[in-house]
$ cat entry-v7.tsv   # TSV, C-alpha atoms and all ligand atoms
chain	number	residue	atom	x	y	z
A	279	MET	CA	7.49	6.77	18.13
A	280	TYR	CA	4.65	4.25	17.98
A	281	ASN	CA	5.81	2.34	14.91
A	282	TYR	CA	6.07	-0.85	16.96
A	283	PHE	CA	2.46	-1.57	16.02
A	284	PHE	CA	3.64	-2.59	12.59
A	285	LEU	CA	5.85	-5.25	14.12
A	286	ASN	CA	3.70	-6.65	16.89
A	287	ILE	CA	0.10	-6.63	15.76
A	288	THR	CA	-1.60	-9.89	14.82
A	289	VAL	CA	-3.99	-9.85	11.90
A	290	LEU	CA	-6.98	-12.06	12.61
A	291	CYS	CA	-8.93	-11.48	9.40
A	292	ASN	CA	-9.99	-8.61	7.14
A	293	LEU	CA	-12.78	-6.08	7.82
A	294	LYS	CA	-14.71	-8.60	9.90
A	295	MET	CA	-11.78	-8.54	12.25
A	296	LYS	CA	-11.34	-7.97	15.89
A	297	ILE	CA	-7.77	-6.97	16.62
A	298	THR	CA	-6.43	-6.48	20.11
A	299	TYR	CA	-3.07	-4.93	20.88
A	300	ARG	CA	-1.77	-4.83	24.42
A	301	PRO	CA	1.68	-3.27	24.80
A	302	GLU	CA	3.81	-4.98	27.43
A	303	ASP	CA	4.58	-3.29	30.76
A	304	ASN	CA	1.72	-0.81	30.86
A	305	ASN	CA	-2.00	-0.42	31.26
A	306	PHE	CA	-2.97	0.46	27.68
A	307	CYS	CA	-5.05	-1.64	25.36
A	308	LEU	CA	-6.09	-0.95	21.76
A	309	LYS	CA	-8.82	-2.85	19.96
A	310	SER	CA	-10.27	-2.66	16.47
A	311	ILE	CA	-13.73	-4.20	16.20
A	312	ALA	CA	-16.21	-4.40	13.32
A	313	SER	CA	-19.75	-3.19	14.21
A	314	SER	CA	-21.21	-6.67	14.10
A	315	LYS	CA	-18.76	-7.84	16.78
A	316	LEU	CA	-19.31	-4.98	19.25
A	317	SER	CA	-20.93	-5.89	22.56
A	318	ASN	CA	-23.78	-3.79	24.00
A	319	ILE	CA	-21.45	-2.62	26.78
A	320	GLU	CA	-18.87	-1.43	24.23
A	321	ILE	CA	-21.59	0.46	22.33
A	322	ILE	CA	-22.73	2.18	25.53
A	323	GLN	CA	-19.12	3.06	26.45
A	324	ILE	CA	-18.56	4.61	22.99
A	325	CYS	CA	-21.78	6.64	23.24
A	326	LEU	CA	-20.94	7.83	26.76
A	327	LEU	CA	-17.47	8.93	25.64
A	328	LYS	CA	-18.86	10.77	22.59
A	329	ASP	CA	-21.48	12.43	24.76
A	330	LYS	CA	-18.80	13.96	26.99
A	331	ASN	CA	-17.73	16.03	23.98
A	332	TRP	CA	-20.83	16.28	21.79
A	333	LYS	CA	-23.57	16.68	24.39
A	334	PHE	CA	-26.69	15.35	22.68
A	335	GLY	CA	-27.61	13.05	25.56
A	336	ILE	CA	-27.02	9.32	25.80
A	337	LYS	CA	-30.42	8.38	24.29
A	338	SER	CA	-29.71	10.46	21.20
A	339	GLN	CA	-26.16	9.03	20.92
A	340	LEU	CA	-27.48	5.47	21.08
A	341	LYS	CA	-30.20	6.22	18.52
A	342	GLY	CA	-27.64	7.85	16.19
A	343	PHE	CA	-25.36	4.84	16.61
A	344	LYS	CA	-28.14	2.40	15.75
A	345	ASN	CA	-29.25	4.41	12.71
A	346	ASN	CA	-25.89	5.40	11.24
A	347	ILE	CA	-23.46	2.60	11.90
A	348	LYS	CA	-23.06	-0.07	9.22
A	349	LYS	CA	-22.00	-3.67	9.62
A	350	PHE	CA	-18.49	-3.25	8.20
A	351	ASP	CA	-17.61	0.02	9.96
A	352	LEU	CA	-14.60	-0.35	12.22
A	353	HIS	CA	-14.42	0.91	15.81
A	354	ASN	CA	-10.97	1.56	17.22
A	355	LEU	CA	-11.02	1.61	21.00
A	356	PHE	CA	-8.24	2.84	23.27
A	357	TYR	CA	-8.36	1.76	26.92
A	358	ILE	CA	-6.36	2.94	29.90
A	359	LYS	CA	-6.72	0.51	32.81
A	360	SER	CA	-9.93	-0.94	31.31
A	361	LYS	CA	-11.50	2.52	30.94
A	362	LEU	CA	-12.40	3.68	27.43
A	363	ALA	CA	-10.16	6.75	26.95
A	364	GLY	CA	-10.22	7.19	23.17
A	365	TYR	CA	-12.20	6.21	20.11
A	366	THR	CA	-12.07	6.40	16.32
A	367	LEU	CA	-14.68	5.35	13.81
A	368	LEU	CA	-13.55	4.16	10.39
A	369	ARG	CA	-16.51	3.82	8.03
A	370	LYS	CA	-16.35	1.72	4.88
A	371	ARG	CA	-17.64	3.97	2.12
A	372	THR	CA	-17.63	4.29	-1.69
A	373	CYS	CA	-15.25	6.34	-3.80
A	374	LYS	CA	-15.12	6.88	-7.58
A	375	ILE	CA	-11.84	7.43	-9.31
A	376	GLN	CA	-12.43	9.44	-12.43
A	377	ASN	CA	-9.53	8.26	-14.57
A	378	LEU	CA	-10.17	4.61	-13.68
A	379	LYS	CA	-13.93	4.92	-14.33
A	380	LYS	CA	-14.82	2.52	-11.54
A	381	ASN	CA	-16.07	2.52	-7.96
A	382	THR	CA	-13.97	1.37	-5.08
A	383	HIS	CA	-14.18	1.43	-1.30
A	384	TYR	CA	-12.31	3.58	1.15
A	385	LEU	CA	-12.37	4.09	4.94
A	386	LEU	CA	-13.80	7.41	6.11
A	387	LEU	CA	-12.10	8.51	9.34
A	388	ASP	CA	-15.22	9.91	10.95
A	389	THR	CA	-14.63	10.40	14.67
A	390	LEU	CA	-11.48	10.95	16.68
A	391	ILE	CA	-11.87	11.58	20.39
A	392	ILE	CA	-9.77	11.37	23.55
A	393	ASP	CA	-11.57	11.63	26.91
A	394	LYS	CA	-11.04	15.13	28.38
A	395	LYS	CA	-9.42	13.56	31.43
A	396	TYR	CA	-6.59	12.16	29.28
A	397	ARG	CA	-5.99	15.05	26.90
A	398	GLY	CA	-2.65	16.83	26.51
A	399	MET	CA	-0.70	13.58	27.05
A	400	LYS	CA	-0.09	12.79	23.35
A	401	PHE	CA	-2.48	9.84	23.44
A	402	SER	CA	-4.04	11.09	20.20
A	403	ASN	CA	-0.77	10.23	18.45
A	404	LEU	CA	-0.92	6.72	19.88
A	405	LEU	CA	-4.52	6.28	18.72
A	406	MET	CA	-3.73	7.76	15.28
A	407	SER	CA	-0.78	5.38	14.92
A	408	PHE	CA	-3.12	2.47	15.68
A	409	ASN	CA	-5.72	3.88	13.25
A	410	ASN	CA	-3.07	4.08	10.53
A	411	THR	CA	-2.00	0.50	11.21
A	412	ILE	CA	-5.57	-0.74	10.95
A	413	ILE	CA	-6.10	1.21	7.71
A	414	LYS	CA	-2.98	-0.39	6.23
A	415	GLN	CA	-4.09	-3.84	7.38
A	416	SER	CA	-7.49	-3.31	5.76
A	417	GLY	CA	-5.90	-2.65	2.38
A	418	PHE	CA	-8.10	0.41	1.76
A	419	SER	CA	-7.16	4.05	1.36
A	420	SER	CA	-8.59	6.38	3.99
A	421	PHE	CA	-10.06	9.89	3.73
A	422	LEU	CA	-11.15	12.51	6.26
A	423	ILE	CA	-12.59	15.99	6.29
A	424	CYS	CA	-11.21	18.47	8.81
A	425	LYS	CA	-11.00	22.12	9.73
A	426	THR	CA	-7.94	24.11	8.66
A	427	GLU	CA	-6.69	24.22	12.30
A	428	SER	CA	-6.50	20.40	12.33
A	429	VAL	CA	-4.58	19.91	9.06
A	430	GLY	CA	-1.22	20.19	10.88
A	431	PHE	CA	-2.28	17.56	13.42
A	432	TYR	CA	-3.10	15.01	10.73
A	433	LYS	CA	0.05	15.85	8.75
A	434	GLU	CA	2.06	15.12	11.92
A	435	ASN	CA	0.31	11.74	11.89
A	436	ASN	CA	1.41	10.98	8.31
A	437	TRP	CA	-1.77	12.03	6.48
A	438	THR	CA	-1.58	14.06	3.26
A	439	LYS	CA	-3.73	17.05	2.38
A	440	LEU	CA	-5.43	16.79	-1.01
A	441	SER	CA	-5.58	19.79	-3.27
A	442	ASN	CA	-9.25	20.86	-3.52
A	443	LYS	CA	-9.10	20.56	-7.31
A	444	ASP	CA	-8.19	16.86	-7.01
A	445	PHE	CA	-11.35	15.64	-5.29
A	446	SER	CA	-14.99	16.29	-4.61
A	447	VAL	CA	-17.53	15.16	-2.03
A	448	ILE	CA	-20.86	14.83	-3.75
A	449	ASP	CA	-23.38	13.75	-1.13
A	450	HIS	CA	-22.38	16.00	1.75
A	451	ARG	CA	-21.90	19.74	2.28
A	452	PHE	CA	-18.17	20.35	2.07
A	453	SER	CA	-16.11	23.51	2.33
A	454	SER	CA	-13.02	22.60	4.32
A	455	ASN	CA	-10.06	20.25	3.86
A	456	GLY	CA	-9.77	16.69	2.58
A	457	MET	CA	-6.88	14.49	3.67
A	458	VAL	CA	-5.82	10.95	2.75
A	459	PHE	CA	-3.74	8.13	4.16
A	460	ASN	CA	-2.53	4.95	2.48
A	461	GLU	CA	-3.23	6.20	-1.05
A	462	LYS	CA	-3.20	3.12	-3.22
A	463	GLU	CA	-2.38	4.95	-6.46
A	464	ASN	CA	-1.70	8.47	-7.54
A	465	PHE	CA	-5.26	9.08	-8.66
A	466	LYS	CA	-6.00	12.13	-10.75
A	467	LYS	CA	-9.45	12.77	-9.33
A	468	TYR	CA	-11.33	11.35	-6.38
A	469	ILE	CA	-15.10	11.54	-5.93
A	470	PHE	CA	-16.06	10.62	-2.37
A	471	PHE	CA	-19.44	9.48	-1.11
A	472	ILE	CA	-19.79	10.13	2.62
A	473	ASN	CA	-23.18	8.48	3.13
A	474	SER	CA	-22.91	5.28	1.10
A	501	LIG	C1	-8.30	16.19	19.03
A	501	LIG	C2	-7.94	15.35	20.23
A	501	LIG	C3	-8.18	13.87	19.90
A	501	LIG	C4	-6.44	15.53	20.52
A	501	LIG	O1	-6.07	14.87	21.70
A	501	LIG	P1	-5.27	15.63	22.85
A	501	LIG	O2	-5.09	14.70	23.97
A	501	LIG	O3	-5.97	16.90	23.12
A	501	LIG	O4	-3.90	15.98	22.16
A	501	LIG	P2	-2.46	15.29	22.38
A	501	LIG	O5	-1.93	15.55	23.75
A	501	LIG	O6	-2.53	13.85	22.03
A	501	LIG	O7	-1.63	16.14	21.33
A	501	LIG	C5	-0.76	15.61	20.38
A	501	LIG	C6	-0.33	16.73	19.44
A	501	LIG	O8	-1.43	17.12	18.61
A	501	LIG	C7	-1.68	18.52	18.74
A	501	LIG	N1	-3.14	18.74	18.66
A	501	LIG	C8	-4.06	18.27	19.51
A	501	LIG	N2	-5.30	18.60	19.10
A	501	LIG	C9	-5.15	19.32	17.97
A	501	LIG	C10	-6.07	19.93	17.05
A	501	LIG	N3	-7.39	19.88	17.21
A	501	LIG	N4	-5.55	20.58	16.00
A	501	LIG	C11	-4.20	20.64	15.81
A	501	LIG	N5	-3.31	20.04	16.61
A	501	LIG	C12	-3.76	19.41	17.67
A	501	LIG	C13	-1.11	18.89	20.08
A	501	LIG	O9	-0.78	20.24	20.14
A	501	LIG	C14	0.11	18.00	20.14
A	501	LIG	O10	1.14	18.58	19.34
A	501	LIG	P3	2.68	18.57	19.78
A	501	LIG	O11	3.05	17.12	19.76
A	501	LIG	O12	3.34	19.37	18.73
A	501	LIG	O13	2.69	19.16	21.14
A	501	LIG	C15	-8.76	15.78	21.49
A	501	LIG	O14	-8.47	17.12	21.80
A	501	LIG	C16	-10.25	15.60	21.32
A	501	LIG	O15	-10.78	14.51	21.56
A	501	LIG	N6	-10.96	16.66	20.90
A	501	LIG	C17	-12.41	16.64	20.78
A	501	LIG	C18	-12.86	15.87	19.59
A	501	LIG	C19	-12.40	16.52	18.29
A	501	LIG	O16	-12.40	17.71	18.13
A	501	LIG	N7	-12.02	15.66	17.35
A	501	LIG	C20	-11.59	16.12	16.04
A	501	LIG	C21	-10.12	16.08	15.93
A	501	LIG	S1	-9.51	16.93	14.51
$ encode --input "entry-v7.tsv" --output "structure tokens" --more "lines below"
Ligand SMILES: CC(C)(COP(=O)(O)OP(=O)(O)OC[C@H]1O[C@@H](n2cnc3c(N)ncnc32)[C@H](O)[C@@H]1OP(=O)(O)O)[C@@H](O)C(=O)NCCC(=O)NCCS
Amino acid sequence: MYNYFFLNITVLCNLKMKITYRPEDNNFCLKSIASSKLSNIEIIQICLLKDKNWKFGIKSQLKGFKNNIKKFDLHNLFYIKSKLAGYTLLRKRTCKIQNLKKNTHYLLLDTLIIDKKYRGMKFSNLLMSFNNTIIKQSGFSSFLICKTESVGFYKENNWTKLSNKDFSVIDHRFSSNGMVFNEKENFKKYIFFINS
């Protein structure tokens, strides 16, 4: 349904990029911005949106943002009539591939949120389609951890569930499901680092 991204998006540069996509004839806008290019207003908007769902308070959200976000993390922003209505964080992290005996990078899909006001309208599929486009443009594979109830949602959005014997997460408590998108090769064994 939203495959038109692949045709219309303009690539400005790699992970330092700022991509803007504005479909014709409507009030939506999608942007992908590296941390270093985010404005203070955009950071506050992201924290306010997150705080509507995960109520830690705006101060705590801003502190967490400052402490946890790295320069090359990507922030995918979805606007309806200039209002931030959805957000995804793609974090550039390290992954080991056992049979290749080397480290590589991947994008950790960390946060996916649609403002409560706009839920139930399939906007998550629009945002996921944009996320997938950005992941493909970056050239990296992407990985996420999710609850069993959400596996179907990500499968609908073209992600693949990994068998638990085919990967491990070694720097983070993990007991749920791992899923991947844009797998570069059919790796035998993945070892994901969530924090570095
Ligand atoms: C998860 C979230 C982004 C989905 O957005 P939404 O507006 O509620 O859902 P949409 O209207 O876009 O739904 C699109 C489809 O995904 C399904 N879906 C939505 N949330 C789902 C979930 N958590 N698990 C499984 N399927 C889900 C819907 O049923 C719908 O399926 P259909 O096309 O077969 O009817 C939104 O509910 C949210 O921000 N939740 C809080 C943050 C969160 O939990 N994020 C983690 C996501 S795994």
$ residues_near_ligand --input "entry-v7.tsv" --ligand "ligand LIG 501 (chain A)" --cutoff "7 Å" --atoms "all atoms listed in the file" --output "PyMOL selection string"
chain A and resi 331+389-394+396-403+424+427-431
$ atom_distance --input "entry-v7.tsv" --atom1 "atom CA of Lys359 of chain A" --atom2 "atom CA of Leu316 of chain A"
19.3 Å
$ atom_distance --input "entry-v7.tsv" --atom1 "atom CA of Leu362 of chain A" --atom2 "atom CA of Asn473 of chain A"
27.0 Å
$ residues_around --input "entry-v7.tsv" --residues "segment 341-354 of chain A" --least-positions-apart "6" --cutoff "8 Å" --atoms "all atoms listed in the file" --output "ChimeraX atom specification"
/A:293-294,308-314,325,365-370,409
$ residues_around --input "entry-v7.tsv" --residues "His383 of chain A" --least-positions-apart "6" --cutoff "9 Å" --atoms "only C-alpha atoms" --output "PyMOL selection string"
chain A and resi 370-374+418-419
$ atom_distance --input "entry-v7.tsv" --atom1 "atom CA of Phe459 of chain A" --atom2 "atom CA of Asn442 of chain A"
15.9 Å
$ residues_near_point --input "entry-v7.tsv" --point "(-8.1, 11.1, 2.6)" --cutoff "8 Å" --atoms "all atoms listed in the file" --output "PyMOL selection string"
chain A and resi 386+419-423+437-440+456-459+461
$ closest_residue --input "entry-v7.tsv" --among "A:Asn460, A:Phe306, A:Tyr357, A:Leu405" --to "Tyr384 of chain A" --atoms "only C-alpha atoms"
A:Asn460
$ closest_residue --input "entry-v7.tsv" --among "A:Lys395, A:Ser474, A:Tyr468, A:Asn436" --to "Lys380 of chain A" --atoms "all atoms listed in the file"
A:Tyr468
$ residues_around --input "entry-v7.tsv" --residues "Ile448 of chain A" --least-positions-apart "3" --cutoff "9 Å" --atoms "all atoms listed in the file" --output "ChimeraX atom specification"
/A:451-452,469-472
$ closest_residue --input "entry-v7.tsv" --among "A:Lys379, A:Lys425, A:Lys414, A:Lys330" --to "Gly364 of chain A" --atoms "all atoms listed in the file"
A:Lys330
